[in-house]
Structures are given as structure tokens and as C-alpha cells.
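Printed here is data-v1.txt (compact mmCIF, C-alpha atoms):
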```
# COMPACT_ATOMS: atom_id res chain seq x y z
CA MET A 55 70.39 64.97 73.07
CA SER A 56 72.81 65.09 75.94
CA THR A 57 75.59 67.66 76.10
CA LEU A 58 79.15 66.88 77.11
CA THR A 59 80.09 68.51 80.39
CA LEU A 60 83.54 68.51 81.95
CA ASN A 61 84.30 68.77 85.60
CA PRO A 62 86.76 71.47 86.77
CA ALA A 63 89.66 69.01 86.99
CA ALA A 64 89.11 67.85 83.41
CA ARG A 65 88.86 71.45 82.15
CA HIS A 66 92.12 72.26 83.92
CA GLU A 67 93.88 69.32 82.29
CA LEU A 68 92.41 70.24 78.90
CA LYS A 69 93.73 73.78 79.29
CA ILE A 70 97.20 72.42 80.03
CA PHE A 71 96.96 70.20 76.94
CA GLY A 72 95.97 73.21 74.84
CA TRP A 73 98.98 75.24 76.00
CA LEU A 74 101.33 72.32 75.40
CA ALA A 75 99.89 71.74 71.94
CA ALA A 76 100.24 75.43 71.06
CA ALA A 77 103.84 75.50 72.28
CA PHE A 78 104.66 72.36 70.29
CA ALA A 79 103.09 73.78 67.14
CA ALA A 80 104.97 77.05 67.54
CA VAL A 81 108.29 75.21 67.87
CA TYR A 82 107.47 72.70 65.13
CA PHE A 83 106.69 75.39 62.56
CA LEU A 84 109.44 77.77 63.71
CA PRO A 85 110.76 79.47 60.55
CA VAL A 86 114.41 78.82 61.37
CA GLY A 87 116.63 79.38 58.35
CA THR A 88 114.65 82.25 56.83
CA PRO A 89 116.66 85.49 56.67
CA ARG A 90 113.99 87.60 58.37
CA PHE A 91 113.54 85.26 61.35
CA ASP A 92 117.24 84.53 61.80
CA GLY A 93 117.99 88.25 61.61
CA ALA A 94 115.34 88.99 64.22
CA VAL A 95 116.83 86.40 66.60
CA SER A 96 120.26 87.91 66.08
CA GLU A 97 118.89 91.41 66.73
CA ALA A 98 117.22 90.25 69.94
CA LEU A 99 120.54 88.94 71.25
CA GLU A 100 122.51 91.94 69.99
CA LEU A 101 120.14 94.43 71.61
CA THR A 102 120.22 92.55 74.91
CA LYS A 103 124.02 92.39 74.79
CA TRP A 104 124.22 96.11 74.00
CA TYR A 105 121.77 96.91 76.81
CA ALA A 106 123.77 94.88 79.31
CA ARG A 107 127.03 96.58 78.31
CA GLU A 108 125.85 100.15 77.94
CA HIS A 109 123.04 100.55 80.47
CA PHE A 110 122.93 97.84 83.08
CA VAL A 111 126.07 98.72 85.03
CA LEU A 112 126.09 102.51 84.73
CA CYS A 113 122.34 103.16 84.76
CA LEU A 114 120.40 100.38 86.45
CA LEU A 115 122.76 99.42 89.27
CA PRO A 116 122.98 102.98 90.69
CA ALA A 117 119.20 103.29 90.28
CA PHE A 118 118.67 100.13 92.35
CA TRP A 119 120.83 101.54 95.15
CA ILE A 120 118.91 104.84 95.08
CA ALA A 121 115.57 102.99 95.17
CA GLY A 122 116.85 100.87 98.05
CA ALA A 123 117.92 104.00 99.90
CA ILE A 124 114.45 105.50 99.46
CA ALA A 125 112.89 102.39 101.01
CA ALA A 126 115.47 102.12 103.79
CA PHE A 127 116.06 105.71 104.85
CA VAL A 128 112.94 107.70 103.90
CA SER A 129 109.94 107.21 106.16
CA GLN A 130 106.57 106.43 104.63
CA ALA A 131 105.03 109.35 106.50
CA SER A 132 107.54 111.74 104.91
CA VAL A 133 106.79 110.46 101.39
CA MET A 134 103.05 110.76 102.05
CA ARG A 135 103.51 114.30 103.33
CA TYR A 136 105.23 115.59 100.19
CA LEU A 137 104.13 113.23 97.41
CA GLY A 138 101.08 111.49 98.87
CA PRO A 139 97.48 112.05 97.76
CA THR A 140 96.98 114.67 100.49
CA ALA A 141 100.13 116.62 99.65
CA PRO A 142 99.74 120.11 98.13
CA LYS A 143 99.27 119.52 94.41
CA PRO A 144 101.62 122.33 93.25
CA LEU A 145 104.41 120.80 95.35
CA ALA A 146 103.75 117.16 94.52
CA TYR A 147 103.21 117.59 90.78
CA GLY A 148 105.87 120.27 90.52
CA VAL A 149 108.52 117.90 91.87
CA GLY A 150 107.26 115.00 89.77
CA SER A 151 107.01 116.91 86.50
CA VAL A 152 110.50 118.45 86.45
CA SER A 153 112.49 115.58 87.94
CA GLY A 154 113.77 114.60 84.50
CA THR A 155 115.80 117.79 84.25
CA ILE A 156 118.09 116.28 86.91
CA LEU A 157 117.89 112.57 86.08
CA ALA A 158 119.31 111.73 82.65
CA VAL A 159 117.73 108.28 82.61
CA CYS A 160 115.95 106.06 80.12
CA SER A 161 112.50 104.48 80.40
CA CYS A 162 113.97 101.44 82.17
CA THR A 163 116.38 103.13 84.58
CA VAL A 164 113.58 105.24 86.07
CA LEU A 165 111.60 102.14 87.07
CA PRO A 166 113.39 101.28 90.34
CA LEU A 167 113.08 104.91 91.44
CA PHE A 168 109.39 104.98 90.55
CA GLN A 169 108.75 101.73 92.38
CA GLY A 170 110.60 103.04 95.41
CA ILE A 171 108.54 106.20 95.86
CA TYR A 172 105.26 104.50 94.91
CA ARG A 173 105.75 101.62 97.32
CA MET A 174 106.54 104.09 100.09
CA GLY A 175 103.15 105.74 99.67
CA ALA A 176 103.48 108.41 96.97
CA GLY A 177 100.18 109.28 95.33
CA LEU A 178 99.47 107.68 91.97
CA GLY A 179 99.33 111.11 90.29
CA PRO A 180 102.71 112.47 91.44
CA ALA A 181 104.30 109.02 91.02
CA THR A 182 103.18 108.66 87.39
CA ALA A 183 104.20 112.28 86.72
CA PHE A 184 107.66 111.28 87.92
CA LEU A 185 107.52 108.06 85.87
CA TYR A 186 106.87 110.03 82.69
CA SER A 187 109.13 113.00 83.34
CA GLY A 188 112.17 111.00 84.47
CA PRO A 189 113.19 109.88 80.97
CA ALA A 190 111.19 112.44 78.96
CA ILE A 191 112.54 115.78 80.24
CA ASN A 192 116.25 115.33 79.72
CA VAL A 193 117.78 118.78 79.30
CA LEU A 194 120.62 117.60 77.06
CA ALA A 195 118.21 115.60 74.88
CA ILE A 196 115.93 118.59 74.45
CA ILE A 197 118.89 120.81 73.53
CA MET A 198 120.07 118.21 71.01
CA THR A 199 116.55 118.06 69.58
CA ALA A 200 116.57 121.82 69.05
CA LYS A 201 120.02 121.81 67.44
CA VAL A 202 119.55 118.77 65.22
CA LEU A 203 115.84 118.91 64.37
CA GLY A 204 115.18 122.62 64.78
CA ALA A 205 114.29 125.02 67.58
CA PRO A 206 110.48 124.75 67.11
CA LEU A 207 110.54 120.99 67.63
CA GLY A 208 112.89 121.32 70.62
CA ILE A 209 110.64 123.90 72.28
CA ALA A 210 107.53 121.86 71.51
CA ARG A 211 109.15 118.77 73.03
CA ALA A 212 110.13 120.63 76.22
CA VAL A 213 106.72 122.24 76.72
CA GLY A 214 104.87 119.05 75.80
CA ALA A 215 106.93 116.83 78.11
CA VAL A 216 106.50 119.04 81.20
CA SER A 217 102.77 119.57 80.63
CA PHE A 218 102.30 115.87 79.79
CA ALA A 219 103.76 114.83 83.12
CA VAL A 220 101.31 117.00 85.06
CA VAL A 221 98.26 116.15 82.93
CA ILE A 222 98.94 112.41 82.91
CA GLY A 223 99.47 112.43 86.66
CA LEU A 224 96.24 114.35 87.28
CA LEU A 225 94.26 112.07 84.97
CA MET A 226 95.64 108.92 86.60
CA ALA A 227 94.75 110.28 90.05
CA THR A 228 91.25 111.19 88.85
CA ILE A 229 90.54 107.89 87.09
CA PHE A 230 91.67 105.84 90.10
CA ARG A 231 90.46 108.28 92.77
CA ARG A 232 88.85 105.54 94.88
CA GLU A 233 92.19 103.90 95.46
CA GLU A 234 93.70 107.29 96.15
CA GLN A 235 91.08 107.84 98.84
CA GLN A 236 92.20 104.61 100.47
CA LYS A 237 95.73 105.99 100.55
CA VAL A 238 94.43 109.15 102.19
CA ALA A 239 92.86 107.06 104.93
CA ALA A 240 96.08 105.09 105.33
CA ALA A 241 98.08 108.31 105.57
CA ALA A 242 95.90 109.59 108.39
CA ALA A 243 96.63 106.43 110.38
CA LEU A 244 100.40 106.65 109.98
CA PRO A 245 102.34 107.59 113.12
CA GLU A 246 104.73 110.49 113.12
CA PRO A 247 108.18 109.39 111.91
CA GLU A 248 110.74 108.83 114.63
CA ALA A 249 113.64 111.23 114.82
CA GLY A 250 116.55 109.65 113.03
CA ARG A 251 119.40 110.89 110.91
CA PRO A 252 119.49 114.69 110.49
CA LEU A 253 117.72 115.88 107.36
CA TRP A 254 120.85 117.48 105.95
CA GLN A 255 122.69 114.16 106.11
CA THR A 256 119.91 112.32 104.29
CA ALA A 257 119.73 115.07 101.66
CA ALA A 258 123.51 115.01 101.16
CA PHE A 259 123.50 111.21 100.92
CA PHE A 260 120.84 111.19 98.19
CA ALA A 261 122.54 114.07 96.37
CA VAL A 262 125.75 112.03 96.15
CA LEU A 263 123.92 108.93 94.88
CA VAL A 264 121.98 110.91 92.27
CA GLY A 265 125.15 112.78 91.26
CA ILE A 266 126.97 109.50 90.61
CA LEU A 267 124.07 108.29 88.46
CA VAL A 268 123.91 111.56 86.50
CA PHE A 269 127.63 112.01 85.81
CA ALA A 270 128.30 108.34 85.04
CA ASN A 271 125.66 108.56 82.30
CA TRP A 272 126.37 112.08 81.04
CA GLY A 273 126.16 111.83 77.27
CA ALA A 274 128.44 113.43 74.73
CA ALA A 275 127.32 116.82 73.46
CA SER A 276 126.82 117.51 69.78
CA GLN A 277 129.54 120.22 69.93
CA THR A 278 133.04 120.15 71.39
CA SER A 279 132.59 123.40 73.31
CA GLY A 280 130.07 124.69 75.80
CA PHE A 281 128.92 123.66 79.26
CA PHE A 282 127.71 120.16 78.43
CA ALA A 283 130.87 119.33 76.50
CA LYS A 284 133.05 120.55 79.38
CA VAL A 285 131.12 118.45 81.90
CA TYR A 286 131.38 115.42 79.62
CA ALA A 287 135.16 115.84 79.45
CA ILE A 288 135.49 115.61 83.24
CA LYS A 289 132.47 113.46 84.07
CA TRP A 290 134.51 110.55 85.44
CA TRP A 291 136.54 112.87 87.65
CA LEU A 292 133.26 114.21 89.05
CA ALA A 293 131.81 110.73 89.50
CA SER A 294 135.02 109.60 91.22
CA ALA A 295 134.95 112.56 93.61
CA LEU A 296 131.38 111.71 94.52
CA GLY A 297 132.40 108.07 94.99
CA ILE A 298 135.08 109.11 97.48
CA THR A 299 132.50 111.28 99.24
CA LEU A 300 130.18 108.27 99.47
CA ALA A 301 133.02 106.22 100.95
CA MET A 302 133.52 108.88 103.63
CA MET A 303 129.79 108.83 104.41
CA LEU A 304 129.87 105.05 104.76
CA TRP A 305 132.69 105.36 107.27
CA ARG A 306 131.43 108.30 109.33
CA TRP A 307 127.64 107.88 109.17
CA PHE A 308 127.17 104.13 108.66
CA ARG A 309 130.09 102.97 110.81
CA ILE A 310 131.48 100.63 108.16
CA GLU A 311 135.02 99.47 108.89
CA PRO A 312 137.65 101.72 107.24
CA LEU A 313 139.82 98.74 106.20
CA ARG A 314 136.95 97.23 104.21
CA ILE A 315 136.28 100.56 102.50
CA VAL A 316 139.97 100.97 101.65
CA THR A 317 139.95 97.44 100.21
CA VAL A 318 137.10 98.32 97.83
CA VAL A 319 138.77 101.58 96.79
CA ALA A 320 142.05 99.76 96.13
CA ALA A 321 140.32 97.07 94.07
CA THR A 322 138.56 99.74 92.01
CA LEU A 323 141.84 101.58 91.34
CA LEU A 324 143.57 98.31 90.43
CA VAL A 325 140.94 97.45 87.83
CA LEU A 326 141.11 101.02 86.52
CA MET A 327 144.84 100.63 85.91
CA MET A 328 144.43 97.17 84.38
CA VAL A 329 141.78 98.24 81.85
CA PRO A 330 142.33 101.95 81.18
CA GLY A 331 139.77 103.51 78.89
CA HIS A 332 137.01 101.17 80.06
CA PRO A 333 135.39 102.92 83.05
CA THR A 334 132.49 100.46 83.19
CA TRP A 335 134.72 97.78 84.75
CA PRO A 336 136.03 99.78 87.72
CA PHE A 337 132.53 101.17 88.18
CA LEU A 338 131.17 97.63 88.37
CA VAL A 339 133.85 96.67 90.91
CA ALA A 340 132.90 99.68 93.04
CA VAL A 341 129.21 98.74 92.93
CA LEU A 342 129.94 95.11 93.82
CA GLY A 343 132.22 96.36 96.58
CA LEU A 344 129.36 98.44 97.95
CA GLY A 345 127.32 95.26 98.09
CA TRP A 346 130.13 93.51 99.96
CA LEU A 347 130.31 96.38 102.45
CA THR A 348 126.60 96.41 103.25
CA ALA A 349 125.30 92.84 102.78
CA GLY A 350 124.55 90.73 105.85
CA ARG A 351 124.64 93.59 108.35
CA GLY A 352 121.93 94.05 110.94
CA ASP A 353 122.00 97.85 110.87
CA GLU A 354 120.63 100.44 108.45
CA ALA A 355 123.39 99.73 105.93
CA GLY A 356 122.25 96.11 105.81
CA GLU A 357 118.65 97.23 105.33
CA TRP A 358 119.81 99.43 102.43
CA PHE A 359 121.38 96.40 100.74
CA ASN A 360 118.30 94.25 101.36
CA GLN A 361 115.98 96.80 99.78
CA ALA A 362 118.25 97.36 96.76
CA TRP A 363 118.61 93.60 96.24
CA SER A 364 114.83 93.18 96.47
CA TYR A 365 114.31 95.64 93.59
CA THR A 366 117.07 94.00 91.57
CA LYS A 367 115.56 90.52 91.85
CA GLN A 368 112.14 91.75 90.82
CA ILE A 369 113.01 94.06 87.93
CA VAL A 370 116.07 92.62 86.15
CA PRO A 371 114.47 89.42 84.77
CA LEU A 372 111.48 91.37 83.46
CA LEU A 373 113.67 94.00 81.82
CA LEU A 374 115.98 91.55 80.10
CA GLY A 375 113.02 89.55 78.82
CA GLY A 376 111.41 92.72 77.53
CA VAL A 377 114.60 93.84 75.78
CA LEU A 378 114.84 90.44 74.07
CA VAL A 379 111.29 90.73 72.75
CA ALA A 380 111.78 94.36 71.67
CA GLY A 381 114.96 93.44 69.80
CA PHE A 382 113.26 90.48 68.11
CA LEU A 383 110.33 92.57 66.89
CA LEU A 384 111.93 95.94 66.16
CA GLY A 385 115.71 95.40 66.11
CA ARG A 386 118.32 97.95 67.05
CA PRO A 387 118.58 101.50 65.65
CA GLY A 388 119.72 101.08 62.07
CA HIS A 389 118.95 97.35 62.04
CA GLU A 390 115.74 95.47 61.36
CA GLY A 391 113.95 92.95 63.51
CA LEU A 392 110.96 90.87 62.54
CA ILE A 393 109.00 94.02 61.59
CA PRO A 394 110.54 95.75 58.53
CA SER A 395 111.62 99.32 59.21
CA ASP A 396 110.17 100.36 55.85
CA TRP A 397 106.72 99.67 57.25
CA ILE A 398 107.32 102.16 60.03
CA SER A 399 108.91 104.91 57.94
CA GLY A 400 106.21 104.50 55.28
CA LEU A 401 103.39 105.03 57.77
CA VAL A 402 104.63 108.21 59.47
CA GLY A 403 104.69 110.54 56.47
CA GLY A 404 102.46 113.61 56.40
CA ASN A 405 100.45 114.79 59.39
CA SER A 406 97.32 112.69 59.38
CA ILE A 407 95.83 111.48 62.65
CA ALA A 408 96.72 107.92 61.63
CA ALA A 409 100.37 108.88 61.06
CA ASN A 410 100.58 110.55 64.47
CA VAL A 411 98.91 107.63 66.24
CA PHE A 412 101.22 105.16 64.52
CA ALA A 413 104.27 107.23 65.45
CA ALA A 414 103.13 107.43 69.09
CA VAL A 415 102.43 103.68 69.25
CA SER A 416 105.72 102.79 67.57
CA GLY A 417 107.65 105.05 69.93
CA ALA A 418 105.89 103.58 72.94
CA PHE A 419 106.98 100.03 72.10
CA MET A 420 110.51 100.78 70.84
CA TYR A 421 113.41 101.02 73.28
CA PHE A 422 115.33 104.31 73.18
CA ALA A 423 118.50 104.71 75.18
CA THR A 424 119.10 108.23 76.49
CA LEU A 425 119.75 110.67 73.58
CA THR A 426 119.39 108.00 70.85
CA GLU A 427 115.87 109.12 69.96
CA VAL A 428 117.24 112.28 68.28
CA PRO A 429 119.35 110.60 65.55
CA ILE A 430 116.60 107.99 65.05
CA VAL A 431 114.01 110.69 64.40
CA GLN A 432 116.53 112.52 62.22
CA GLY A 433 116.86 109.42 60.05
CA LEU A 434 113.08 108.99 59.85
CA VAL A 435 112.65 112.65 58.90
CA GLY A 436 115.11 112.04 56.08
CA SER A 437 112.85 109.18 54.96
CA GLY A 438 109.81 111.43 54.84
CA MET A 439 108.52 111.55 58.41
CA GLY A 440 106.24 114.53 59.07
CA ALA A 441 106.72 117.20 61.73
CA GLY A 442 103.73 116.06 63.78
CA PRO A 443 104.68 112.36 63.92
CA SER A 444 108.25 113.41 64.80
CA LEU A 445 107.00 115.17 67.92
CA ALA A 446 104.60 112.33 68.73
CA LEU A 447 107.46 109.83 68.67
CA LEU A 448 109.69 112.11 70.78
CA LEU A 449 106.95 112.45 73.41
CA SER A 450 106.07 108.76 73.67
CA GLY A 451 109.35 107.03 72.84
CA PRO A 452 111.72 108.04 75.66
CA ALA A 453 109.00 107.63 78.32
CA LEU A 454 107.86 104.13 77.36
CA SER A 455 109.23 100.91 75.92
CA LEU A 456 108.11 97.31 75.80
CA PRO A 457 110.53 96.32 78.62
CA SER A 458 109.31 99.18 80.82
CA MET A 459 105.67 98.25 80.19
CA ILE A 460 106.31 94.75 81.52
CA VAL A 461 107.85 96.12 84.72
CA ILE A 462 105.20 98.82 85.19
CA ASN A 463 102.55 96.11 84.97
CA SER A 464 104.24 94.24 87.83
CA ILE A 465 104.12 97.42 89.95
CA LEU A 466 100.74 98.96 89.10
CA GLY A 467 98.76 96.01 87.75
CA PRO A 468 97.17 95.62 84.29
CA LYS A 469 94.40 98.21 84.65
CA LYS A 470 96.61 101.13 85.70
CA THR A 471 99.35 100.11 83.27
CA VAL A 472 97.03 100.01 80.26
CA THR A 473 95.53 103.34 81.30
CA TYR A 474 98.95 104.96 81.64
CA ILE A 475 100.13 103.62 78.26
CA ALA A 476 96.92 104.75 76.58
CA LEU A 477 97.21 108.25 78.04
CA VAL A 478 100.80 108.62 76.85
CA ILE A 479 99.95 107.41 73.34
CA VAL A 480 96.76 109.46 72.94
CA MET A 481 98.31 112.67 74.26
CA ALA A 482 101.48 112.23 72.20
CA ALA A 483 99.46 111.64 69.02
CA LEU A 484 97.15 114.59 69.73
CA CYS A 485 100.02 116.93 70.52
CA GLY A 486 101.87 115.81 67.39
CA TRP A 487 98.82 116.38 65.23
CA VAL A 488 98.27 119.90 66.62
CA TYR A 489 101.95 120.72 66.18
CA GLY A 490 101.89 119.44 62.61
CA LEU A 491 98.90 121.66 61.80
CA SER A 492 100.67 124.69 63.24
CA MET A 493 103.77 123.98 61.15
CA SER A 494 101.92 123.45 57.87
```

Step by step, read the file and then write its structure as C-alpha cells.
Amino acid sequence: MSTLTLNPAARHELKIFGWLAAAFAAVYFLPVGTPRFDGAVSEALELTKWYAREHFVLCLLPAFWIAGAIAAFVSQASVMRYLGPTAPKPLAYGVGSVSGTILAVCSCTVLPLFQGIYRMGAGLGPATAFLYSGPAINVLAIIMTAKVLGAPLGIARAVGAVSFAVVIGLLMATIFRREEQQKVAAAAALPEPEAGRPLWQTAAFFAVLVGILVFANWGAASQTSGFFAKVYAIKWWLASALGITLAMMLWRWFRIEPLRIVTVVAATLLVLMMVPGHPTWPFLVAVLGLGWLTAGRGDEAGEWFNQAWSYTKQIVPLLLGGVLVAGFLLGRPGHEGLIPSDWISGLVGGNSIAANVFAAVSGAFMYFATLTEVPIVQGLVGSGMGAGPSLALLLSGPALSLPSMIVINSILGPKKTVTYIALVIVMAALCGWVYGLSMS
């Protein structure tokens, strides 16, 4: 009895037919008109709209410029010296593990910065420590956790987040040590960086860029008094002062024409007067003006724009697609997507290992904007969520999300991405379980 064999061309065409048939069946049987499906579609669009309004302009755009500056102005040899696989571990992991105390960013905003330092030669361990700590160790979020959910949980979150960053980084470097050894060999072959801009100028330039990112996204404090509340009240004055400082740097250090800079400043002020109370619009005009000032130039300012634009083209489509999927499946805080929220709240009660694992997995796939994880956990605690799963969600949620996973995969590849996600989930669940036992 003869067997049917297909040549490679026929198998290729059959595979195409299979994908087309599956796509047709999915569209043909699409449950349009059912409340659950229609609500999930609406949530996907609402979450994407909210993300674009609340995070894209103020968070992502400054992050792209910072990532572009890393690629344009920081030599690969310098990155390898301080964050590479041969760098002193206390220095490299120390910087990576506490970076989130300065950067009040979410799991998506940290991605351009992570890609910038990793592409420039940072070791996998310090780079992933930075990737985790950036959104996880937000000082204001930890303080809010302590005030809203109790001091023990706030302290546990702070200690867990800092130690997680170091442990995850060390484990990633150990698991993929062969590739790290290749980086060591590459570092030895790198020439000494040429003398360029003075170090103090580069440090001041990055401090201004990071300051604009931090103050533009400074969240409201839970109380009307205190340091954080006072900074929040004047955050746009601080961001504006840093913007003027950046304009002076562009004139003096980058030799950009003063008339063009004045034009951008005037346009920003005009929009500010036209739409008072909506700082996102003048901020967007200023960012677009920065692009106009730097695009198409053949000097280092032009290279800065080219690098920032390269990150933007690569990351934005993946992020928006990921946010759409996350909204469709899980909805927004307080709203349901395709997966009922009762399923989640019903599975995180008590302190069983299963409850902690489910909380860690749910947090890893949900999207949390900066500071929103605290009221979400507060609501889940009111629905019966245990102490251990609460910590597990707080340790995995801010550091990961479905959109960030998609982008991380494009940077690290599937093997490293799956390993990183698994480490975050397992460690968050284990830490939550131990914390729950100590609190029982």
C-alpha cells in the first residue's frame, strides 16, 4: 500500500491553505452580538485609547528620546565597562536593582531604556535587573502600598522587589552564561572610546532628560501634605524648568539655531495658553518640536533623532497590539474583558500555592499603569484576596504585562523571554506564599 507524500512546495501551499481556513472559520463563527464578546471588544479599544492618552505622550516619548541618547552619546565600551558581563557585580547589579527608585515608569515605558542599554552591550544580568526594577521599585508606589494595604505588605514589597531584581539578573546571567562569555570576548576586542563630550556634560544632559520623564509622570499622593504632594503640586513648573534647560543645552552644546529653538518654545507656550489645564498637548508639541530640531542633521543631534526614531518604529506597533489584546482578554481596572473578573477574584483567596501562582500569573499578563496596582489589589482584598497572593500580584504585575512580553521577545528572543517571565512568576508566587505563611 503506497503512502501519499508531498513535496516541499505542496506542503507549503497546504500550510497556507490551513492558515486561511482557520482565519475564515474564526471570522465566520465570530460571536458578534453577544454581550461578553462585544464588551471585550469595547474594552480593548477603551484600554488602548486610555493608554494612548495617559501614557504614550508623557511616558513613552521621553523614554524613546532617552534610549536614543544612550545609543547616540554613550560609547559601547563605556556601557561594557560599568554594566557589561566583566563589570564588577556589586556595581552592575547595584545600579540595575535600584534604578526604579528614580524612574517612576510602567512595564512598557522601561522597554526603550532596557533595549538601549542592552543593545549597547550591557550584560544580560544587569540589564534584566534594570528591566525588572524599573517599574517594580517605585518609591511612591511602595509608600502608597504601605499606607493603603498596611506597612508589612509595603515593606515586603520593597524588600522583595530589590532582591528580586538582583536574583533574577544573576539567574539570567547564569542560565545563559555561554552567550555572556561571547560578550566578554567582544568586550576585550573593543577599542578605547574616543575622547568626546566632557563627562559632566553627558551626565547633566541625561539628568535633564530623566528629570523631565520623572516629573511629567509624578503621580498624585494619597495625602494633600508631605513631600510627594508638594512635588506633585509644582511638577509642571519643574518639568518646564528642565525643558528650558534642555533648550539651552541644544543651543550651546549641539549648535542648534537659536531661532528654531525659540520657535518651538513659542509654539509650546501658544498651545499651553489655548488649552489650559491640559499639559499633555503642550508637552506633545515640545516633543514634536524636538524632532523638528534634530531630524535630518548630519551631526550628533541628527544621530540622536535617528536612534530615537528607530526605537519608536520597532516598539510602538508591538505595544499597541499588546494593549489591544490585554484589554480584550482582561479589560480595564473595574471593567471586564472576555475573562470574567469573578474568576480571578475567586481564585486568589487564602494562601495556597495555587492561589499565589494564579495571582502571579494574572499580574504578569495584566497591564498596570504606574500606581494603579495599589487600588486594584485593595479591591481584590475586599473581595477576599489573601495576603500572600496580594504580594505575589504586586511583585509580578508592575514588572510585566502582555504588551511588554511581546516587546521583550523582540529584543531577547523567545528562549530568554520565556525564562525571564518564568523567573518573575515563580519567585513572585514563592515570595507571596512565604509571606502569607508568616502573616497567618

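You can rank A:Ile393, A:Ala380, A:Leu445, A:Leu137 by their closest distance to Gly208 (chain A) using all atoms listed in the file, and at the top of that list sits A:Leu445.
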
### Query
Contacts of Ile462 (chain A) at 8 Å or less, counting only C-alpha atoms, minus same-chain residues fewer than 5 places along, as a list in words?
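Near neighbours after the sequence-gap exclusion: Leu165, Gly467 and Thr471 of chain A.
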
### Query
What is the distance, in Å and to one decimal place, between CA of Gly375 (chain A) and CA of Arg107 (chain A)?
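These two atoms are separated by 15.7 Å.
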
### Two-atom distance - CA of Gly122 (chain A), CA of Asn271 (chain A) (Å)
19.6 Å

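We find CA of Met420 (chain A) and CA of Ser464 (chain A) to be spaced 19.3 Å apart.
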
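Counting all atoms listed in the file, the residue from A:Val316, A:Val461, A:Val478, A:Val377 that sits nearest to Ala413 (chain A) is A:Val478.
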
### Message
Counting only C-alpha atoms, I want the residues whose atoms come within 12 Å of (135.2, 102.6, 104.9) in the file frame, returned as a PyMOL selection string.
### Response
chain A and resi 297-320+343-344+346-348

### Task
Find the residues around Lys367 (chain A) up to 12 Å (all atoms listed in the file counted), leave out those fewer than 4 positions away in its own chain, and share them as a PyMOL selection string.
chain A and resi 115+118+166+360-363+371-374+461

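Proximity ranking of A:Arg211, A:Lys201, A:Arg65, A:Lys469 relative to Pro452 (chain A) places A:Arg211 first, based on all atoms listed in the file.
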
## Note on the structure
Of A:Ile197, A:Leu448, A:Ile120, A:Ala482, the one sitting nearest Val221 (chain A) when using only C-alpha atoms is A:Ala482

### Task
Find, counting all atoms listed in the file, the residue in A:Gly273, A:Pro394, A:Pro252, A:Gly331 that gets nearest to Lys289 (chain A).
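Closest residue, counting all atoms listed in the file: A:Gly273.
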
### Query
With only C-alpha atoms as the atoms that count, which of A:Phe168, A:Phe127, A:Phe218, A:Trp104 lies nearest to Val152 (chain A)?
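Of all the options, A:Phe218 lies closest to Val152 (chain A).
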
### Query
Near Thr322 (chain A), counting only C-alpha atoms, which residues have an atom at most 10 Å away, once you skip same-chain residues fewer than 6 positions from it, shown as a PyMOL selection string?
chain A and resi 316+328+335-343

### Task
Please identify all polymer residues within 10 Å of Glu97 (chain A), counting all atoms listed in the file, omitting same-chain residues fewer than 3 positions from it, and present them as a ChimeraX atom specification.
/A:91-94,100-103,378-386,389-392
